[in-house]
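Trainee: Hey, dropping target14.txt in here, compact mmCIF, C-alpha atoms and all ligand atoms:
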```txt
# COMPACT_ATOMS: atom_id res chain seq x y z
CA MET M 1155 22.59 -37.68 0.41
CA LYS M 1156 24.10 -38.44 3.76
CA GLY M 1157 27.82 -37.77 3.47
CA LYS M 1158 28.31 -40.64 1.04
CA GLY M 1159 27.06 -41.18 -2.46
CA LEU M 1160 27.43 -43.39 -5.48
CA ILE M 1161 27.32 -42.11 -9.05
CA ALA M 1162 27.18 -44.82 -11.70
CA GLY M 1163 27.30 -44.61 -15.48
CA ASN M 1164 25.70 -47.35 -17.57
CA TRP M 1165 27.11 -47.16 -21.09
CA LYS M 1166 24.79 -49.91 -22.33
CA MET M 1167 25.90 -51.19 -25.77
CA ASN M 1168 27.95 -48.09 -26.59
CA LYS M 1169 31.66 -47.32 -27.03
CA GLY M 1170 34.38 -49.62 -28.33
CA ILE M 1171 37.88 -49.66 -26.87
CA GLY M 1172 39.05 -46.54 -28.76
CA GLU M 1173 36.05 -44.48 -27.67
CA SER M 1174 36.37 -45.81 -24.11
CA MET M 1175 40.00 -44.66 -23.93
CA ASP M 1176 39.05 -41.28 -25.33
CA PHE M 1177 36.30 -40.94 -22.69
CA LEU M 1178 38.67 -41.98 -19.93
CA GLY M 1179 41.36 -39.50 -20.91
CA ARG M 1180 38.91 -36.58 -21.00
CA PHE M 1181 37.05 -37.68 -17.88
CA VAL M 1182 40.14 -38.18 -15.73
CA ASP M 1183 41.69 -34.90 -16.96
CA GLY M 1184 38.48 -33.15 -15.96
CA LEU M 1185 38.44 -34.82 -12.54
CA GLU M 1186 42.03 -33.85 -11.94
CA ARG M 1187 41.35 -30.22 -12.85
CA GLU M 1188 38.67 -30.22 -10.15
CA GLY M 1189 40.82 -31.02 -7.16
CA SER M 1190 38.05 -30.46 -4.62
CA VAL M 1191 35.79 -32.98 -6.37
CA SER M 1192 38.65 -35.42 -6.85
CA GLU M 1193 39.51 -35.40 -3.15
CA LEU M 1194 36.08 -36.85 -2.32
CA ILE M 1195 36.71 -39.97 -4.42
CA PRO M 1196 36.29 -42.74 -3.38
CA ALA M 1197 35.77 -42.15 0.36
CA SER M 1198 32.65 -39.99 -0.04
CA ILE M 1199 31.67 -40.42 -3.66
CA GLU M 1200 32.08 -43.79 -5.32
CA ILE M 1201 32.13 -43.65 -9.10
CA VAL M 1202 31.29 -46.74 -11.09
CA ILE M 1203 31.37 -47.08 -14.85
CA PHE M 1204 29.55 -50.00 -16.49
CA PRO M 1205 31.09 -50.34 -19.97
CA PRO M 1206 30.35 -53.21 -22.36
CA ILE M 1207 32.15 -56.28 -20.99
CA ALA M 1208 34.31 -56.48 -24.14
CA ASN M 1209 36.12 -53.31 -22.99
CA LEU M 1210 36.37 -54.02 -19.30
CA TYR M 1211 39.87 -55.47 -19.19
CA ALA M 1212 41.33 -52.74 -21.40
CA ILE M 1213 39.73 -50.00 -19.31
CA LYS M 1214 40.83 -51.63 -16.06
CA HIS M 1215 44.43 -51.63 -17.25
CA ALA M 1216 44.41 -48.21 -18.91
CA ALA M 1217 47.02 -45.94 -17.41
CA SER M 1218 44.45 -43.16 -17.40
CA LEU M 1219 41.97 -44.97 -15.11
CA LYS M 1220 41.88 -42.95 -11.93
CA LYS M 1221 42.25 -44.79 -8.66
CA GLY M 1222 38.86 -44.94 -7.01
CA VAL M 1223 36.88 -45.10 -10.23
CA TYR M 1224 35.39 -48.57 -10.13
CA LEU M 1225 34.18 -50.72 -12.98
CA GLY M 1226 31.10 -52.86 -13.26
CA VAL M 1227 29.51 -55.34 -15.60
CA GLN M 1228 26.06 -54.80 -17.12
CA ASN M 1229 24.93 -58.42 -16.88
CA VAL M 1230 26.15 -61.81 -15.64
CA HIS M 1231 24.79 -65.35 -15.65
CA TRP M 1232 23.84 -67.13 -12.42
CA LYS M 1233 25.87 -70.27 -13.13
CA ALA M 1234 29.63 -70.56 -12.68
CA SER M 1235 30.26 -71.90 -16.19
CA GLY M 1236 28.68 -74.06 -18.86
CA ALA M 1237 26.77 -74.15 -22.11
CA PHE M 1238 25.29 -70.65 -22.07
CA THR M 1239 26.28 -69.18 -25.43
CA GLY M 1240 26.72 -65.42 -25.34
CA GLU M 1241 26.71 -65.13 -21.55
CA ASN M 1242 29.47 -64.11 -19.13
CA SER M 1243 30.11 -65.53 -15.67
CA VAL M 1244 30.71 -63.64 -12.44
CA SER M 1245 34.30 -64.92 -12.20
CA MET M 1246 35.03 -63.78 -15.78
CA ALA M 1247 33.70 -60.33 -14.97
CA VAL M 1248 35.77 -60.15 -11.77
CA GLU M 1249 38.90 -61.29 -13.61
CA ALA M 1250 38.31 -58.60 -16.25
CA GLY M 1251 38.10 -55.90 -13.57
CA ALA M 1252 34.47 -55.65 -12.48
CA VAL M 1253 33.67 -54.85 -8.87
CA PHE M 1254 29.94 -54.19 -9.36
CA ALA M 1255 27.20 -55.79 -11.48
CA LEU M 1256 23.90 -54.36 -12.71
CA ILE M 1257 21.19 -56.88 -11.93
CA GLY M 1258 17.63 -56.67 -13.26
CA HIS M 1259 18.06 -53.58 -15.42
CA SER M 1260 14.72 -52.88 -17.14
CA GLU M 1261 16.28 -53.48 -20.56
CA ARG M 1262 17.22 -56.98 -19.40
CA ARG M 1263 13.74 -57.52 -17.98
CA GLN M 1264 11.85 -56.11 -20.96
CA ILE M 1265 13.96 -56.95 -24.03
CA PHE M 1266 15.58 -60.16 -22.80
CA LEU M 1267 12.55 -61.27 -20.77
CA GLU M 1268 14.43 -61.75 -17.50
CA THR M 1269 12.08 -62.69 -14.70
CA ASP M 1270 12.18 -61.86 -10.99
CA GLU M 1271 13.41 -65.41 -10.44
CA MET M 1272 16.36 -65.01 -12.82
CA THR M 1273 17.15 -61.63 -11.27
CA SER M 1274 17.17 -63.22 -7.84
CA LYS M 1275 19.50 -66.03 -8.94
CA LYS M 1276 21.91 -63.56 -10.51
CA PHE M 1277 21.87 -61.36 -7.41
CA ASN M 1278 22.58 -64.33 -5.15
CA PHE M 1279 25.38 -65.61 -7.32
CA CYS M 1280 27.05 -62.18 -7.28
CA VAL M 1281 26.81 -61.94 -3.49
CA LYS M 1282 28.38 -65.37 -3.04
CA ASN M 1283 31.15 -64.76 -5.54
CA GLY M 1284 32.51 -61.32 -4.81
CA LEU M 1285 30.65 -58.96 -7.16
CA LYS M 1286 28.58 -56.16 -5.61
CA PRO M 1287 25.13 -56.31 -7.21
CA VAL M 1288 23.22 -53.12 -8.04
CA LEU M 1289 19.60 -54.29 -8.09
CA CYS M 1290 17.48 -52.28 -10.54
CA VAL M 1291 13.73 -52.03 -10.01
CA GLY M 1292 11.02 -49.82 -11.47
CA GLU M 1293 7.48 -49.76 -12.74
CA THR M 1294 6.28 -49.34 -16.33
CA ASP M 1295 4.11 -46.45 -17.48
CA GLU M 1296 1.11 -48.76 -17.48
CA ASP M 1297 1.82 -49.90 -13.91
CA ARG M 1298 1.98 -46.28 -12.79
CA LYS M 1299 -1.23 -45.32 -14.61
CA ASN M 1300 -2.96 -48.28 -12.94
CA GLY M 1301 -1.77 -47.19 -9.50
CA LEU M 1302 0.53 -50.21 -9.23
CA ALA M 1303 3.94 -48.48 -9.03
CA GLU M 1304 4.59 -49.27 -5.39
CA ALA M 1305 3.22 -52.80 -5.65
CA VAL M 1306 5.51 -53.57 -8.59
CA ILE M 1307 8.70 -52.23 -7.02
CA THR M 1308 7.84 -53.98 -3.75
CA ARG M 1309 7.39 -57.28 -5.62
CA GLN M 1310 10.71 -56.82 -7.46
CA VAL M 1311 12.61 -56.08 -4.24
CA ILE M 1312 11.03 -58.90 -2.24
CA ALA M 1313 11.66 -61.39 -5.07
CA VAL M 1314 15.37 -60.84 -4.49
CA LEU M 1315 15.75 -59.96 -0.82
CA GLY M 1316 13.06 -62.27 0.48
CA SER M 1317 14.87 -65.37 -0.63
CA ARG M 1318 18.37 -64.87 0.60
CA GLU M 1319 20.72 -64.66 3.53
CA PHE M 1320 23.46 -62.07 3.71
CA PRO M 1321 26.95 -62.85 4.96
CA ALA M 1322 27.64 -60.86 8.13
CA ASP M 1323 30.31 -58.80 6.37
CA PHE M 1324 28.19 -57.99 3.31
CA PRO M 1325 28.68 -54.36 2.20
CA PRO M 1326 25.65 -52.04 1.97
CA LEU M 1327 22.94 -53.16 -0.43
CA ILE M 1328 22.58 -51.01 -3.52
CA ILE M 1329 19.16 -50.65 -5.15
CA ALA M 1330 18.45 -48.38 -8.12
CA TYR M 1331 14.92 -47.10 -8.57
CA GLU M 1332 14.53 -46.68 -12.31
CA PRO M 1333 10.98 -46.13 -13.55
CA VAL M 1334 10.88 -47.72 -17.00
CA TRP M 1335 9.01 -44.77 -18.51
CA ALA M 1336 11.82 -42.41 -17.48
CA ILE M 1337 14.72 -44.35 -19.00
CA GLY M 1338 16.12 -42.74 -22.12
CA THR M 1339 12.97 -40.67 -22.61
CA GLU M 1340 13.86 -37.22 -21.19
CA ASN M 1341 10.66 -37.73 -19.19
CA ASN M 1342 12.41 -37.93 -15.84
CA ALA M 1343 10.50 -38.57 -12.61
CA THR M 1344 9.97 -35.56 -10.38
CA ALA M 1345 12.37 -35.45 -7.45
CA ASN M 1346 9.35 -35.88 -5.16
CA ASP M 1347 8.11 -39.01 -6.90
CA ALA M 1348 11.62 -40.47 -6.95
CA GLN M 1349 11.97 -39.72 -3.22
CA GLU M 1350 8.61 -41.38 -2.46
CA SER M 1351 9.56 -44.53 -4.35
CA CYS M 1352 13.01 -44.70 -2.75
CA ALA M 1353 11.48 -44.25 0.71
CA ALA M 1354 9.06 -47.08 -0.09
CA ILE M 1355 11.98 -49.31 -1.16
CA ARG M 1356 13.85 -48.54 2.07
CA LYS M 1357 10.76 -49.60 4.04
CA VAL M 1358 10.56 -52.87 2.11
CA VAL M 1359 14.23 -53.58 2.88
CA GLY M 1360 13.50 -52.87 6.55
CA ARG M 1361 10.56 -55.30 6.55
CA SER M 1362 12.46 -57.96 4.58
CA ILE M 1363 15.74 -57.79 6.50
CA ASP M 1364 16.06 -55.26 9.33
CA ALA M 1365 16.11 -51.54 10.08
CA LYS M 1366 19.90 -51.31 10.22
CA THR M 1367 20.31 -52.84 6.77
CA ALA M 1368 17.58 -50.56 5.45
CA GLY M 1369 19.34 -47.50 6.88
CA ASN M 1370 22.64 -48.52 5.30
CA THR M 1371 21.18 -49.36 1.89
CA LEU M 1372 22.33 -47.04 -0.90
CA LEU M 1373 19.35 -46.00 -3.01
CA LEU M 1374 19.97 -44.60 -6.47
CA TYR M 1375 17.58 -42.86 -8.82
CA GLY M 1376 17.91 -43.51 -12.56
CA GLY M 1377 15.94 -42.20 -15.52
CA SER M 1378 17.01 -39.34 -17.79
CA VAL M 1379 19.38 -37.83 -15.23
CA LYS M 1380 21.56 -34.98 -16.52
CA SER M 1381 23.93 -32.50 -14.94
CA SER M 1382 21.06 -29.97 -14.87
CA ASN M 1383 18.68 -32.12 -12.77
CA ALA M 1384 21.10 -34.28 -10.74
CA GLU M 1385 21.09 -31.99 -7.71
CA ASP M 1386 17.27 -32.10 -7.37
CA TYR M 1387 17.43 -35.85 -6.80
CA LEU M 1388 20.52 -35.89 -4.63
CA LYS M 1389 18.94 -33.42 -2.21
CA GLN M 1390 16.23 -35.95 -1.32
CA ASP M 1391 16.51 -37.76 2.02
CA ASP M 1392 16.28 -41.28 0.61
CA ILE M 1393 18.34 -40.80 -2.56
CA ASP M 1394 22.02 -41.62 -2.09
CA GLY M 1395 23.17 -41.58 -5.67
CA LEU M 1396 22.31 -41.84 -9.34
CA LEU M 1397 22.41 -44.41 -12.11
CA VAL M 1398 22.98 -42.53 -15.33
CA GLY M 1399 22.60 -43.91 -18.84
CA GLY M 1400 22.78 -41.55 -21.82
CA ALA M 1401 24.41 -38.65 -19.97
CA SER M 1402 27.25 -40.89 -18.76
CA LEU M 1403 28.51 -41.27 -22.33
CA ASP M 1404 29.70 -37.67 -22.38
CA PRO M 1405 32.65 -37.04 -20.02
CA ASP M 1406 31.66 -33.41 -19.42
CA GLU M 1407 28.05 -34.28 -18.58
CA PHE M 1408 29.13 -37.14 -16.31
CA LEU M 1409 31.59 -34.83 -14.57
CA GLY M 1410 28.82 -32.27 -14.12
CA ILE M 1411 26.71 -34.91 -12.34
CA ILE M 1412 29.61 -35.88 -10.06
CA ARG M 1413 30.19 -32.18 -9.34
CA ALA M 1414 26.52 -31.85 -8.29
CA ALA M 1415 27.03 -34.74 -5.86
CA SER M 1416 30.20 -33.22 -4.45
CA PHE M 1417 28.39 -29.96 -3.58
CA LEU M 1418 25.97 -31.93 -1.41
CA ILE M 1419 28.44 -34.15 0.48
C1 LIG U 1 19.81 -46.48 -17.43
O1 LIG U 1 20.14 -47.03 -18.46
O2 LIG U 1 19.91 -47.08 -16.36
C2 LIG U 1 19.30 -45.11 -17.49
C3 LIG U 1 18.87 -44.57 -16.38
O3 LIG U 1 19.33 -44.49 -18.71
P1 LIG U 1 19.07 -42.92 -19.00
O4 LIG U 1 19.87 -42.13 -18.00
O5 LIG U 1 19.55 -42.72 -20.41
O6 LIG U 1 17.61 -42.67 -18.84
```
Take the structure in the file and give it back as structure tokens.
Mentor:
Amino acid sequence: MKGKGLIAGNWKMNKGIGESMDFLGRFVDGLEREGSVSELIPASIEIVIFPPIANLYAIKHAASLKKGVYLGVQNVHWKASGAFTGENSVSMAVEAGAVFALIGHSERRQIFLETDEMTSKKFNFCVKNGLKPVLCVGETDEDRKNGLAEAVITRQVIAVLGSREFPADFPPLIIAYEPVWAIGTENNATANDAQESCAAIRKVVGRSIDAKTAGNTLLLYGGSVKSSNAEDYLKQDDIDGLLVGGASLDPDEFLGIIRAASFLI
């Protein structure tokens, strides 16, 4: 981590409004008790929670939401509106309180069969319409066993970055390296492997866009992160933050991960 980090929690399809409020109360109390951690938010550590979209507006307007804790949406469509039953648009997500959007999460790619092309369209639509996309990439177990890990993540990054132009004032790109085999499995990548993959992604960004953009890109690791292993990842040169699934559902665990980041800032 280089003086700035991003810690994100993906709640997936968990927590209704009541449970979200309970989380928020306990989480914000905990943050406030830890003044030294709290002081780093949001200038040095950005915190983003990705709840189910049904709870976004309520969380955004909850009195207990701490300033500097941002919200994101787990999925959006690439069209502005229309006959897309069950989908949500970028403008709806923004209106409900989202600042960030997860794009290309492996559960979207694998369960909902989202392709690189769909991922690219979603990413572009977010960029043009005021949501900061967090692009998720990562190889499957089979890819890794076949020696294809780097080729797969390179393809996933180029599919999105290769086909677009960035507005001059676009904020840093955010890319999460999330090996599919490490998500929700307790079989987390070693810090070394995560570092190697993130370094490879940074190089691809450099080749696709330019060195300055690559240097400014925030790279996150995701895959069975907990408070007990967070620091190992955050110490790596090319890892600027974490995308946390299961452990972000527990306010104490999530706080522990943010605390680990604050020690390294
Ligand atoms: C995720 O959903 O992005 C994730 C990394 O999940 P977990 O932390 O549970 O592996």
Trainee: For M:Phe1177, which residue among M:Ala1216, M:Pro1196, M:Gly1376, M:Gly1236 is the nearest when counting only C-alpha atoms?
Mentor: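 That would be M:Ala1216, the residue with the smallest distance to M:Phe1177.
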Trainee: Taking all atoms listed in the file into account, which of M:His1215, M:Arg1361, M:Arg1298, M:Arg1262 comes nearest ligand LIG 1 (chain U)?
Mentor: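 Between M:His1215, M:Arg1361, M:Arg1298, M:Arg1262, the residue approaching ligand LIG 1 (chain U) most closely is M:Arg1262.
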Trainee: Give as a PyMOL selection string the set of residues within 9 Å of the point (26.1, -48.9, -9.9), where distances use the file's coordinates and all atoms listed in the file.
Mentor: chain M and resi 1160-1164+1201-1204+1225-1226+1254-1256+1286-1289+1328-1330+1374+1395-1398
Trainee: Determine, counting only C-alpha atoms, which protein, DNA and RNA residues have an atom within 10 Å of an atom of M:Pro1333; residues of the same chain fewer than 6 positions away are not included. Present the result as a list in words.
Mentor: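 In the requested format, the answer is Ser1260, Cys1290, Val1291, Gly1292, Glu1293, Thr1294, Asp1295, Asp1297, Arg1298, Ala1303, Ile1307, Asn1342, Ala1343, Ala1348, Ser1351, Tyr1375, Gly1376 and Gly1377 of chain M.
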Trainee: For ligand LIG 1 (chain U), collect every residue having any atom at a distance of at most 7 Å from a ligand atom (counting all atoms listed in the file); output as a list of chain:residue names.
Mentor: M:Asn1164, M:Lys1166, M:His1259, M:Glu1332, M:Ala1336, M:Ile1337, M:Gly1338, M:Thr1339, M:Gly1376, M:Gly1377, M:Ser1378, M:Val1379, M:Leu1397, M:Val1398, M:Gly1399, M:Gly1400, M:Ala1401
Trainee: Report as a list in words all protein, DNA and RNA residues lying within 10 Å of M:Ser1245, evaluated on all atoms listed in the file, omitting residues in the same chain fewer than 4 positions from it.
Mentor: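 Contacts, with the query itself left out: Val1230, Ala1234, Ser1235, Glu1249, Ala1250, Gly1251, Ala1252, Cys1280, Asn1283, Gly1284 and Leu1285 of chain M.
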Trainee: Which of these, M:Thr1308, M:Ser1402, M:Asn1209, M:Asn1341, has the shortest distance to M:Lys1357 once you count all atoms listed in the file?
Mentor: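 The shortest atom-to-atom distance to M:Lys1357 comes from M:Thr1308.
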Trainee: For the atom pair atom CA of M:Ala1197 and atom CA of M:Lys1158, what is the interatomic distance in Å to one decimal place?
Mentor: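 Taking atom CA of M:Ala1197 as the start and atom CA of M:Lys1158 as the end point, the length is 7.6 Å.
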